[in-house]
>>> print(open('coords.pdb').read())   # PDB, C-alpha atoms
MODEL        1
ATOM      1  CA  MET A  16     -85.252  10.473  46.508
ATOM      2  CA  PHE A  17     -83.450   8.759  49.410
ATOM      3  CA  ALA A  18     -80.355  10.954  49.021
ATOM      4  CA  LYS A  19     -82.494  14.083  48.731
ATOM      5  CA  MET A  20     -84.396  13.246  51.922
ATOM      6  CA  LEU A  21     -81.134  12.768  53.826
ATOM      7  CA  ARG A  22     -79.895  16.163  52.641
ATOM      8  CA  MET A  23     -83.163  17.927  53.449
ATOM      9  CA  ALA A  24     -83.203  16.350  56.931
ATOM     10  CA  ASN A  25     -79.721  17.833  57.548
ATOM     11  CA  TYR A  26     -77.719  14.622  57.937
ATOM     12  CA  ASP A  27     -74.008  15.388  57.735
ATOM     13  CA  ILE A  28     -72.214  14.257  54.591
ATOM     14  CA  HIS A  29     -70.536  11.288  56.281
ATOM     15  CA  SER A  30     -73.853   9.955  57.625
ATOM     16  CA  GLN A  31     -75.466  10.414  54.205
ATOM     17  CA  TYR A  32     -72.834   8.302  52.477
ATOM     18  CA  LYS A  33     -72.911   5.670  55.212
ATOM     19  CA  HIS A  34     -76.691   5.184  55.031
ATOM     20  CA  LEU A  35     -76.693   5.163  51.228
ATOM     21  CA  ALA A  36     -73.902   2.576  51.224
ATOM     22  CA  ILE A  37     -75.816   0.358  53.662
ATOM     23  CA  TYR A  38     -78.885   0.646  51.461
ATOM     24  CA  LYS A  39     -76.926  -0.237  48.326
ATOM     25  CA  LYS A  40     -74.927  -3.142  49.754
ATOM     26  CA  ARG A  41     -77.206  -4.583  52.457
ATOM     27  CA  VAL A  42     -80.786  -3.771  51.457
ATOM     28  CA  ILE A  43     -81.153  -3.581  47.668
ATOM     29  CA  PRO A  44     -80.029  -7.234  47.261
ATOM     30  CA  PHE A  45     -83.124  -8.173  49.306
ATOM     31  CA  LEU A  46     -85.719  -6.264  47.289
ATOM     32  CA  GLY A  47     -86.362  -8.955  44.687
ATOM     33  CA  VAL A  48     -86.563  -8.490  40.932
ATOM     34  CA  TYR A  49     -87.046  -5.022  39.473
ATOM     35  CA  PRO A  50     -90.785  -4.351  38.965
ATOM     36  CA  GLU A  51     -91.844  -4.150  35.333
ATOM     37  CA  ARG A  52     -95.211  -3.524  33.747
ATOM     38  CA  ASP A  53     -97.371  -6.669  33.495
ATOM     39  CA  SER A  54     -94.723  -8.743  35.297
ATOM     40  CA  ASN A  55     -96.088 -11.721  37.218
ATOM     41  CA  ASP A  56     -92.807 -13.225  38.377
ATOM     42  CA  ARG A  57     -92.222 -11.035  41.428
ATOM     43  CA  TRP A  58     -93.324 -11.295  45.028
ATOM     44  CA  LEU A  59     -96.034  -8.734  45.799
ATOM     45  CA  SER A  60     -95.567  -7.060  49.171
ATOM     46  CA  ILE A  61     -98.362  -5.544  51.231
ATOM     47  CA  LEU A  62     -96.002  -2.687  52.071
ATOM     48  CA  THR A  63     -97.101  -0.477  49.161
ATOM     49  CA  ARG A  64    -100.156  -0.166  46.962
ATOM     50  CA  PHE A  65     -98.226  -1.451  43.949
ATOM     51  CA  GLY A  66     -96.661  -4.442  45.677
ATOM     52  CA  THR A  67     -93.146  -3.003  45.809
ATOM     53  CA  PRO A  68     -91.280  -4.081  48.966
ATOM     54  CA  PHE A  69     -89.734  -0.727  49.935
ATOM     55  CA  GLU A  70     -91.058   2.519  51.409
ATOM     56  CA  LEU A  71     -89.346   5.725  52.533
ATOM     57  CA  SER A  72     -90.774   8.012  55.200
ATOM     58  CA  LEU A  73     -89.807  10.990  57.343
ATOM     59  CA  ASN A  74     -90.429  11.666  61.019
ATOM     60  CA  CYS A  75     -91.000  15.402  60.694
ATOM     61  CA  SER A  76     -90.914  16.164  64.433
ATOM     62  CA  ASP A  77     -87.417  14.739  64.904
ATOM     63  CA  SER A  78     -86.226  15.074  61.289
ATOM     64  CA  VAL A  79     -85.447  11.343  61.108
ATOM     65  CA  VAL A  80     -85.433   9.558  57.750
ATOM     66  CA  ARG A  81     -86.840   6.039  57.888
ATOM     67  CA  TYR A  82     -87.404   3.187  55.510
ATOM     68  CA  THR A  83     -89.212  -0.123  55.637
ATOM     69  CA  TYR A  84     -88.742  -3.156  53.417
ATOM     70  CA  GLU A  85     -89.887  -6.735  53.103
ATOM     71  CA  PRO A  86     -86.772  -8.877  52.578
ATOM     72  CA  ILE A  87     -87.021 -10.985  49.428
ATOM     73  CA  ASN A  88     -84.471 -13.324  47.872
ATOM     74  CA  SER A  89     -84.225 -15.953  45.146
ATOM     75  CA  SER A  90     -86.006 -18.544  47.318
ATOM     76  CA  THR A  91     -89.055 -16.375  47.980
ATOM     77  CA  GLY A  92     -92.201 -17.919  46.533
ATOM     78  CA  THR A  93     -90.414 -21.126  45.524
ATOM     79  CA  ALA A  94     -90.736 -24.570  47.072
ATOM     80  CA  ASP A  95     -87.905 -23.623  49.442
ATOM     81  CA  ASP A  96     -89.809 -20.650  50.886
ATOM     82  CA  LEU A  97     -93.380 -20.582  49.597
ATOM     83  CA  PHE A  98     -94.577 -17.772  51.866
ATOM     84  CA  ASN A  99     -91.363 -15.765  52.262
ATOM     85  CA  THR A 100     -90.831 -16.902  55.834
ATOM     86  CA  HIS A 101     -87.053 -17.321  55.842
ATOM     87  CA  SER A 102     -85.415 -14.591  53.748
ATOM     88  CA  ILE A 103     -85.642 -12.103  56.605
ATOM     89  CA  TRP A 104     -82.985 -14.067  58.516
ATOM     90  CA  LYS A 105     -80.333 -13.507  55.849
ATOM     91  CA  SER A 106     -81.221  -9.843  55.633
ATOM     92  CA  LEU A 107     -80.984  -9.511  59.410
ATOM     93  CA  ASN A 108     -77.545 -11.107  59.385
ATOM     94  CA  GLU A 109     -76.350  -8.446  56.953
ATOM     95  CA  LEU A 110     -77.452  -5.667  59.305
ATOM     96  CA  VAL A 111     -76.250  -7.311  62.519
ATOM     97  CA  ALA A 112     -72.808  -7.673  60.921
ATOM     98  CA  ILE A 113     -72.401  -3.892  60.771
ATOM     99  CA  GLN A 114     -74.261  -2.997  63.975
ATOM    100  CA  PRO A 115     -73.747  -5.771  66.549
ATOM    101  CA  ASP A 116     -75.912  -4.142  69.250
ATOM    102  CA  VAL A 117     -79.074  -5.196  67.397
ATOM    103  CA  ASN A 118     -80.959  -7.373  69.876
ATOM    104  CA  LEU A 119     -82.951 -10.310  68.491
ATOM    105  CA  GLU A 120     -84.550 -11.616  71.698
ATOM    106  CA  TRP A 121     -88.035 -10.335  70.966
ATOM    107  CA  PHE A 122     -87.668 -10.891  67.237
ATOM    108  CA  ASN A 123     -86.951 -14.573  67.821
ATOM    109  CA  HIS A 124     -89.995 -14.843  70.078
ATOM    110  CA  PHE A 125     -92.514 -13.078  67.840
ATOM    111  CA  LYS A 126     -91.129 -14.691  64.709
ATOM    112  CA  GLN A 127     -91.827 -18.122  66.165
ATOM    113  CA  GLU A 128     -95.225 -17.156  67.564
ATOM    114  CA  LEU A 129     -96.636 -15.240  64.594
ATOM    115  CA  THR A 130     -95.172 -16.611  61.351
ATOM    116  CA  LEU A 131     -95.483 -19.980  59.665
ATOM    117  CA  SER A 132     -93.485 -23.015  60.691
ATOM    118  CA  SER A 133     -92.272 -25.402  57.984
ATOM    119  CA  ALA A 134     -95.151 -27.759  58.769
ATOM    120  CA  GLU A 135     -97.700 -24.931  58.543
ATOM    121  CA  SER A 136     -96.259 -23.736  55.232
ATOM    122  CA  LYS A 137     -96.594 -27.251  53.844
ATOM    123  CA  PHE A 138    -100.166 -27.452  55.137
ATOM    124  CA  LEU A 139    -101.176 -24.195  53.440
ATOM    125  CA  ALA A 140     -99.478 -25.202  50.202
ATOM    126  CA  GLU A 141    -101.387 -28.484  50.126
ATOM    127  CA  LYS A 142    -104.638 -26.747  51.060
ATOM    128  CA  GLY A 143    -104.718 -24.888  47.769
ATOM    129  CA  PRO A 144    -105.173 -21.204  46.817
ATOM    130  CA  LEU A 145    -105.501 -18.910  49.816
ATOM    131  CA  LYS A 146    -108.518 -16.660  50.229
ATOM    132  CA  THR A 147    -106.431 -13.862  51.678
ATOM    133  CA  GLY A 148    -104.466 -11.274  49.742
ATOM    134  CA  ILE A 149    -102.086 -10.805  52.668
ATOM    135  CA  LYS A 150     -99.037 -12.977  52.081
ATOM    136  CA  THR A 151     -96.496 -10.678  53.696
ATOM    137  CA  GLN A 152     -95.440 -12.106  57.055
ATOM    138  CA  ASN A 153     -92.600  -9.875  58.213
ATOM    139  CA  LYS A 154     -90.791  -6.662  57.381
ATOM    140  CA  LEU A 155     -87.775  -4.737  58.647
ATOM    141  CA  ALA A 156     -87.517  -1.003  59.218
ATOM    142  CA  LEU A 157     -84.588   1.303  59.908
ATOM    143  CA  ASP A 158     -84.816   4.644  61.711
ATOM    144  CA  LEU A 159     -81.690   6.554  60.688
ATOM    145  CA  LYS A 160     -80.369   8.440  63.700
ATOM    146  CA  GLY A 161     -77.125  10.273  63.035
ATOM    147  CA  ASP A 162     -74.725   7.779  61.475
ATOM    148  CA  ARG A 163     -76.458   4.775  63.064
ATOM    149  CA  PHE A 164     -79.823   3.067  62.700
ATOM    150  CA  VAL A 165     -82.455   1.646  65.025
ATOM    151  CA  LEU A 166     -83.879  -1.586  63.639
ATOM    152  CA  LYS A 167     -87.544  -2.565  63.961
ATOM    153  CA  THR A 168     -89.676  -5.424  62.728
ATOM    154  CA  TYR A 169     -93.318  -5.637  61.671
ATOM    155  CA  ILE A 170     -95.063  -9.001  61.737
ATOM    156  CA  TYR A 171     -98.381  -9.940  60.103
ATOM    157  CA  PRO A 172     -99.921 -13.155  61.534
ATOM    158  CA  GLU A 173    -102.654 -13.529  58.890
ATOM    159  CA  LEU A 174    -101.188 -16.702  57.379
ATOM    160  CA  LYS A 175    -100.427 -18.112  60.828
ATOM    161  CA  ALA A 176    -104.068 -17.536  61.735
ATOM    162  CA  ILE A 177    -105.266 -19.482  58.702
ATOM    163  CA  ALA A 178    -102.872 -22.352  59.373
ATOM    164  CA  SER A 179    -103.531 -22.559  63.117
ATOM    165  CA  GLY A 180    -107.256 -21.877  63.136
ATOM    166  CA  LYS A 181    -106.751 -19.039  65.626
ATOM    167  CA  SER A 182    -107.668 -15.399  65.090
ATOM    168  CA  THR A 183    -105.019 -12.727  64.565
ATOM    169  CA  ASP A 184    -106.248 -11.115  67.805
ATOM    170  CA  GLU A 185    -105.627 -14.298  69.759
ATOM    171  CA  LEU A 186    -102.205 -14.886  68.237
ATOM    172  CA  ILE A 187    -100.954 -11.351  68.826
ATOM    173  CA  PHE A 188    -102.271 -10.872  72.352
ATOM    174  CA  ASP A 189    -101.140 -14.342  73.445
ATOM    175  CA  SER A 190     -97.640 -13.730  72.078
ATOM    176  CA  VAL A 191     -97.298 -10.441  73.966
ATOM    177  CA  ARG A 192     -98.753 -11.983  77.121
ATOM    178  CA  LYS A 193     -95.957 -14.566  77.067
ATOM    179  CA  VAL A 194     -93.405 -11.756  76.911
ATOM    180  CA  SER A 195     -95.110 -10.039  79.862
ATOM    181  CA  LEU A 196     -94.289 -13.026  82.067
ATOM    182  CA  GLN A 197     -90.687 -11.807  82.080
ATOM    183  CA  HIS A 198     -91.438  -8.109  81.572
ATOM    184  CA  ASN A 199     -94.515  -7.454  83.709
ATOM    185  CA  SER A 200     -94.501  -3.707  83.038
ATOM    186  CA  ILE A 201     -96.133  -4.569  79.704
ATOM    187  CA  LEU A 202     -99.210  -6.151  81.259
ATOM    188  CA  PRO A 203    -101.289  -3.072  82.266
ATOM    189  CA  ALA A 204    -101.218  -1.540  78.781
ATOM    190  CA  LEU A 205    -101.747  -4.937  77.161
ATOM    191  CA  SER A 206    -104.804  -5.623  79.313
ATOM    192  CA  VAL A 207    -106.429  -2.297  78.422
ATOM    193  CA  LEU A 208    -105.832  -2.754  74.701
ATOM    194  CA  GLU A 209    -107.029  -6.354  74.705
ATOM    195  CA  GLU A 210    -110.168  -5.371  76.603
ATOM    196  CA  TYR A 211    -110.872  -2.686  73.999
ATOM    197  CA  ALA A 212    -110.255  -5.069  71.087
ATOM    198  CA  LYS A 213    -112.674  -7.589  72.593
ATOM    199  CA  SER A 214    -115.306  -4.891  73.087
ATOM    200  CA  ARG A 215    -115.085  -4.082  69.369
ATOM    201  CA  SER A 216    -115.150  -7.676  68.141
ATOM    202  CA  GLY A 217    -118.128  -9.380  66.521
ATOM    203  CA  LEU A 218    -119.677 -10.048  63.130
ATOM    204  CA  ASN A 219    -120.532  -6.391  62.459
ATOM    205  CA  SER A 220    -117.306  -4.925  63.813
ATOM    206  CA  THR A 221    -115.389  -2.486  61.636
ATOM    207  CA  THR A 222    -112.113  -3.059  63.490
ATOM    208  CA  SER A 223    -109.585  -5.878  63.442
ATOM    209  CA  VAL A 224    -106.168  -6.456  64.991
ATOM    210  CA  ARG A 225    -103.746  -6.586  62.050
ATOM    211  CA  LEU A 226    -100.066  -6.666  63.019
ATOM    212  CA  LEU A 227     -97.392  -6.221  65.671
ATOM    213  CA  SER A 228     -94.089  -4.383  65.699
ATOM    214  CA  CYS A 229     -91.182  -4.043  68.110
ATOM    215  CA  ASP A 230     -87.765  -2.402  68.302
ATOM    216  CA  LEU A 231     -84.831  -4.789  67.971
ATOM    217  CA  VAL A 232     -82.997  -3.389  70.963
ATOM    218  CA  LYS A 233     -82.660  -4.540  74.567
ATOM    219  CA  PRO A 234     -86.129  -5.547  75.830
ATOM    220  CA  ALA A 235     -85.858  -3.087  78.728
ATOM    221  CA  ILE A 236     -85.974  -0.149  76.288
ATOM    222  CA  SER A 237     -87.883  -1.718  73.398
ATOM    223  CA  ARG A 238     -91.444  -0.858  72.431
ATOM    224  CA  ILE A 239     -94.146  -3.272  71.344
ATOM    225  CA  LYS A 240     -96.885  -1.849  69.132
ATOM    226  CA  ILE A 241    -100.143  -3.554  68.187
ATOM    227  CA  TYR A 242    -101.883  -2.125  65.120
ATOM    228  CA  ILE A 243    -105.668  -2.099  64.786
ATOM    229  CA  LEU A 244    -107.422  -1.483  61.468
ATOM    230  CA  GLU A 245    -110.530   0.703  61.576
ATOM    231  CA  ARG A 246    -112.514   0.456  58.352
ATOM    232  CA  MET A 247    -115.087   3.105  59.210
ATOM    233  CA  VAL A 248    -113.786   6.539  58.240
ATOM    234  CA  SER A 249    -115.763   8.855  60.522
ATOM    235  CA  LEU A 250    -114.993  11.155  63.427
ATOM    236  CA  PRO A 251    -116.936   9.057  65.970
ATOM    237  CA  ALA A 252    -115.095   5.902  64.867
ATOM    238  CA  MET A 253    -111.734   7.638  65.012
ATOM    239  CA  LYS A 254    -112.494   9.116  68.423
ATOM    240  CA  ASP A 255    -113.456   5.685  69.722
ATOM    241  CA  LEU A 256    -110.187   4.229  68.446
ATOM    242  CA  TRP A 257    -108.086   7.176  69.627
ATOM    243  CA  THR A 258    -109.479   7.051  73.164
ATOM    244  CA  LEU A 259    -109.878   3.253  73.236
ATOM    245  CA  GLY A 260    -113.609   3.537  73.716
ATOM    246  CA  GLY A 261    -113.395   6.450  76.141
ATOM    247  CA  ARG A 262    -110.800   4.806  78.368
ATOM    248  CA  PHE A 263    -108.396   7.706  77.848
ATOM    249  CA  THR A 264    -109.699  11.255  78.321
ATOM    250  CA  ASP A 265    -106.570  12.995  79.612
ATOM    251  CA  PRO A 266    -105.598  16.423  78.172
ATOM    252  CA  ALA A 267    -102.882  15.009  75.888
ATOM    253  CA  THR A 268    -105.293  12.484  74.351
ATOM    254  CA  VAL A 269    -107.996  15.136  73.860
ATOM    255  CA  ALA A 270    -105.519  17.569  72.303
ATOM    256  CA  GLY A 271    -104.243  14.873  69.966
ATOM    257  CA  PHE A 272    -107.722  14.084  68.723
ATOM    258  CA  LYS A 273    -108.414  17.759  68.037
ATOM    259  CA  LEU A 274    -105.482  17.709  65.604
ATOM    260  CA  ILE A 275    -106.987  14.684  63.846
ATOM    261  CA  GLU A 276    -110.337  16.461  63.650
ATOM    262  CA  GLU A 277    -108.709  19.545  62.141
ATOM    263  CA  LEU A 278    -106.860  17.380  59.614
ATOM    264  CA  LEU A 279    -110.013  15.624  58.443
ATOM    265  CA  LEU A 280    -111.899  18.896  58.109
ATOM    266  CA  ALA A 281    -108.998  20.555  56.272
ATOM    267  CA  TYR A 282    -108.774  17.732  53.737
ATOM    268  CA  ARG A 283    -112.567  17.361  53.534
ATOM    269  CA  VAL A 284    -112.290  13.627  54.019
ATOM    270  CA  HIS A 285    -115.490  11.856  53.004
ATOM    271  CA  LEU A 286    -116.928   9.595  55.666
ATOM    272  CA  LYS A 287    -117.277   6.034  54.431
ATOM    273  CA  LEU A 288    -116.747   2.368  55.183
ATOM    274  CA  LEU A 289    -113.587   0.964  53.633
ATOM    275  CA  PHE A 290    -113.737  -2.695  52.603
ATOM    276  CA  PRO A 291    -117.424  -3.289  53.599
ATOM    277  CA  ASP A 292    -116.612  -6.785  54.826
ATOM    278  CA  GLU A 293    -113.626  -8.992  55.604
ATOM    279  CA  LYS A 294    -114.006 -10.592  52.187
ATOM    280  CA  GLY A 295    -113.287  -7.196  50.692
ATOM    281  CA  ILE A 296    -109.976  -7.019  52.508
ATOM    282  CA  ARG A 297    -109.022 -10.530  51.544
ATOM    283  CA  SER A 298    -109.810  -9.909  47.887
ATOM    284  CA  LEU A 299    -106.831  -7.555  47.688
ATOM    285  CA  ARG A 300    -103.833  -9.222  46.103
ATOM    286  CA  TYR A 301    -101.904  -6.455  47.707
ATOM    287  CA  GLY A 302    -102.958  -3.064  48.873
ATOM    288  CA  GLY A 303    -102.172   0.152  50.592
ATOM    289  CA  ARG A 304    -101.397   0.484  54.246
ATOM    290  CA  VAL A 305    -104.216  -1.635  55.626
ATOM    291  CA  ALA A 306    -102.811  -1.465  59.115
TER     292      ALA A 306
ENDMDL
END
>>> encode(input="coords.pdb", output="C-alpha cells")
Amino acid sequence: MFAKMLRMANYDIHSQYKHLAIYKKRVIPFLGVYPERDSNDRWLSILTRFGTPFELSLNCSDSVVRYTYEPINSSTGTADDLFNTHSIWKSLNELVAIQPDVNLEWFNHFKQELTLSSAESKFLAEKGPLKTGIKTQNKLALDLKGDRFVLKTYIYPELKAIASGKSTDELIFDSVRKVSLQHNSILPALSVLEEYAKSRSGLNSTTSVRLLSCDLVKPAISRIKIYILERMVSLPAMKDLWTLGGRFTDPATVAGFKLIEELLLAYRVHLKLLFPDEKGIRSLRYGGRVA
C-alpha cells in the first residue's frame, strides 16, 4: 500500500526507494510486535481503531504522502517504560541521524510539559488500573516532500492530567503560553482559541481539548496545532467549532464551512452524540481518531 501510494502520488523512483528504505530500517523496528488475532501481549495505540501504531494518509491537494506512528520498543509497557514515555527518543534519534535539520526545541518543551515524568509514571502505576482508555502519550509523523521528510509530533496529555490533577485544557494552553513568552506572535491566536474553549467548557459540554501537535523545524516556521474533540455530530455544532463560536465570519471561513455542509449532506451523515459522556470515551481501550 505504501509503495502504491508513492507511485500514484508521482514521486520519482529515487524518492520512492529512499522513503521505503527509511520506513523499513528506521520505522518498522519501532512498531512493536506483529498484531495477531486474540493477542494480548502488544501495546494498543490510539492511532487506529484496532490499536495498530501506524497509519498512512495522503494530502490530496499537494499530493503528499504522509504517515504517523507511535514508537514502540521492547521496553514499552514493562517496568522500564510502563506508559511508553521513552521509546520515542530512540526513534527520533534514528530520524535525526539521516536528516540533521530536524529541530527538537519545541519537542523538548512539550514533551516535558505534557507527558509523564518518572515520578508521575510511578505514581500512576501504584494508583492501580486507570479509568482512561487513552494510554498513548506521543506520536511521530512524516510528511514526505520530494526525497525529504518534514517531521511532526502529536502529544496527548491525558495521563499527565490524571497524574497532575490538572485538566488537559489547562496543561495544553499553559504549555503553549510558555512558548509564547519567546515567540509572542503565537499569543493572539492562542488567546482566541483558549477563550472559545473556556466558553464551551462545563458539565454538559460536548467538546474537550484533546491533543497538541507541532512541526519539528525551526520555531520561526513551525506550526502549533491544538485539537478539540466535538462529540455532537450536527451542522450547528460543526459550525460553532468551525467559526469558533462565530468569532470568524470571513469569506474563506464561510466558504470552507459550505464544503463541510455539502459533504455531510452528500454522505447523509446521521446527526447524533458520540460518546454521550466522558465515561464513554474513557471506556475505550483504544479507538478511532477521537481527536
>>> atom_distance(input="coords.pdb", atom1="atom CA of A:Tyr171", atom2="atom CA of A:Thr183")
8.5 Å
>>> residues_around(input="coords.pdb", residues="stretch 190-204 of chain A", least_positions_apart="6", cutoff="9 Å", atoms="all atoms listed in the file", output="PDB file with C-alpha atoms, in the frame of the given file")
ATOM      1  CA  TRP A 121     -88.035 -10.335  70.966  1.00  0.00           C
ATOM      2  CA  HIS A 124     -89.995 -14.843  70.078  1.00  0.00           C
ATOM      3  CA  PHE A 125     -92.514 -13.078  67.840  1.00  0.00           C
ATOM      4  CA  GLU A 128     -95.225 -17.156  67.564  1.00  0.00           C
ATOM      5  CA  LEU A 129     -96.636 -15.240  64.594  1.00  0.00           C
ATOM      6  CA  PRO A 234     -86.129  -5.547  75.830  1.00  0.00           C
ATOM      7  CA  ALA A 235     -85.858  -3.087  78.728  1.00  0.00           C
ATOM      8  CA  ILE A 239     -94.146  -3.272  71.344  1.00  0.00           C
TER       9      ILE A 239
END
>>> resolve_selection(input="coords.pdb", expression="the PyMOL selection byres ((chain A and resi 135) around 12)", output="count of residues only")
25
>>> resolve_selection(input="coords.pdb", expression="the PyMOL selection byres ((chain A and resi 221-225) around 10)", output="MDAnalysis selection string")
chainID A and resid 170:173 182:188 209 212:213 215:220 226:227 241:248 252 256 288:293 305:306
>>> resolve_selection(input="coords.pdb", expression="the PyMOL selection byres ((chain A and resi 103) around 9)", output="MDAnalysis selection string")
chainID A and resid 45 85:88 99:102 104:108 153:155
>>> closest_residue(input="coords.pdb", among="A:Leu110, A:Met23, A:Leu205, A:Ile149", to="A:Lys240", atoms="all atoms listed in the file")
A:Leu205
>>> atom_distance(input="coords.pdb", atom1="atom CA of A:Tyr82", atom2="atom CA of A:Phe69")
7.2 Å
>>> atom_distance(input="coords.pdb", atom1="atom CA of A:Leu278", atom2="atom CA of A:Pro251")
14.5 Å
>>> closest_atom_pairs(input="coords.pdb", of="stretch 82-197 of chain A", to="stretch 25-44 of chain A", cutoff="7 Å", atoms="only C-alpha atoms", output="Markdown table")
| residue | atom | partner | partner_atom | distance |
| --- | --- | --- | --- | --- |
| A:Glu109 | CA | A:Arg41 | CA | 6.0 |
| A:Leu110 | CA | A:Arg41 | CA | 6.9 |
| A:Gly161 | CA | A:Ser30 | CA | 6.3 |
| A:Asp162 | CA | A:Ser30 | CA | 4.5 |
>>> closest_residue(input="coords.pdb", among="A:Gly92, A:Tyr211, A:Tyr169, A:Thr83", to="A:Lys126", atoms="all atoms listed in the file")
A:Tyr169
>>> closest_residue(input="coords.pdb", among="A:Met253, A:Val79, A:Leu71, A:Val284", to="A:Lys160", atoms="only C-alpha atoms")
A:Val79
>>> closest_residue(input="coords.pdb", among="A:Val48, A:Leu259, A:Ala18, A:Leu279", to="A:Val207", atoms="only C-alpha atoms")
A:Leu259
>>> closest_residue(input="coords.pdb", among="A:Gly47, A:Pro266, A:Gly260, A:Pro144", to="A:Thr91", atoms="all atoms listed in the file")
A:Gly47
>>> closest_residue(input="coords.pdb", among="A:Asp265, A:Asp189, A:Asp230, A:Asp77", to="A:Ala156", atoms="all atoms listed in the file")
A:Asp230
>>> residues_around(input="coords.pdb", residues="A:Thr268", least_positions_apart="2", cutoff="12 Å", atoms="all atoms listed in the file", output="mmCIF file with C-alpha atoms, keeping the file's coordinate frame")
data_model
loop_
_atom_site.group_PDB
_atom_site.id
_atom_site.type_symbol
_atom_site.label_atom_id
_atom_site.label_comp_id
_atom_site.auth_asym_id
_atom_site.auth_seq_id
_atom_site.Cartn_x
_atom_site.Cartn_y
_atom_site.Cartn_z
ATOM 1 C CA LYS A 254 -112.494 9.116 68.423
ATOM 2 C CA ASP A 255 -113.456 5.685 69.722
ATOM 3 C CA LEU A 256 -110.187 4.229 68.446
ATOM 4 C CA TRP A 257 -108.086 7.176 69.627
ATOM 5 C CA THR A 258 -109.479 7.051 73.164
ATOM 6 C CA LEU A 259 -109.878 3.253 73.236
ATOM 7 C CA GLY A 261 -113.395 6.450 76.141
ATOM 8 C CA ARG A 262 -110.800 4.806 78.368
ATOM 9 C CA PHE A 263 -108.396 7.706 77.848
ATOM 10 C CA THR A 264 -109.699 11.255 78.321
ATOM 11 C CA ASP A 265 -106.570 12.995 79.612
ATOM 12 C CA PRO A 266 -105.598 16.423 78.172
ATOM 13 C CA ALA A 270 -105.519 17.569 72.303
ATOM 14 C CA GLY A 271 -104.243 14.873 69.966
ATOM 15 C CA PHE A 272 -107.722 14.084 68.723
ATOM 16 C CA LYS A 273 -108.414 17.759 68.037
ATOM 17 C CA LEU A 274 -105.482 17.709 65.604
ATOM 18 C CA ILE A 275 -106.987 14.684 63.846
#
>>> decode(input="coords.pdb", residues="stretch 79-101 of chain A", atoms="C-alpha atoms", output="short mmCIF file (atom, residue, chain, number, x, y, z; two decimals), in the first residue's frame")
data_model
loop_
_atom_site.label_atom_id
_atom_site.label_comp_id
_atom_site.auth_asym_id
_atom_site.auth_seq_id
_atom_site.Cartn_x
_atom_site.Cartn_y
_atom_site.Cartn_z
CA VAL A 79 1.98 14.49 -0.37
CA VAL A 80 2.10 11.02 1.18
CA ARG A 81 2.20 11.05 4.97
CA TYR A 82 2.38 8.54 7.76
CA THR A 83 2.03 8.63 11.52
CA TYR A 84 3.25 6.11 14.06
CA GLU A 85 3.53 5.65 17.80
CA PRO A 86 7.09 4.48 18.53
CA ILE A 87 7.14 1.23 20.48
CA ASN A 88 10.09 -0.89 21.59
CA SER A 89 10.85 -3.84 23.85
CA SER A 90 10.60 -1.67 26.98
CA THR A 91 7.12 -0.38 26.20
CA GLY A 92 4.61 -1.48 28.83
CA THR A 93 7.29 -3.02 31.05
CA ALA A 94 8.59 -1.75 34.37
CA ASP A 95 11.19 0.25 32.45
CA ASP A 96 8.57 2.22 30.50
CA LEU A 97 5.09 1.48 31.81
CA PHE A 98 3.30 4.14 29.76
CA ASN A 99 5.52 4.24 26.66
CA THR A 100 7.05 7.57 27.58
CA HIS A 101 10.64 6.99 26.47
#
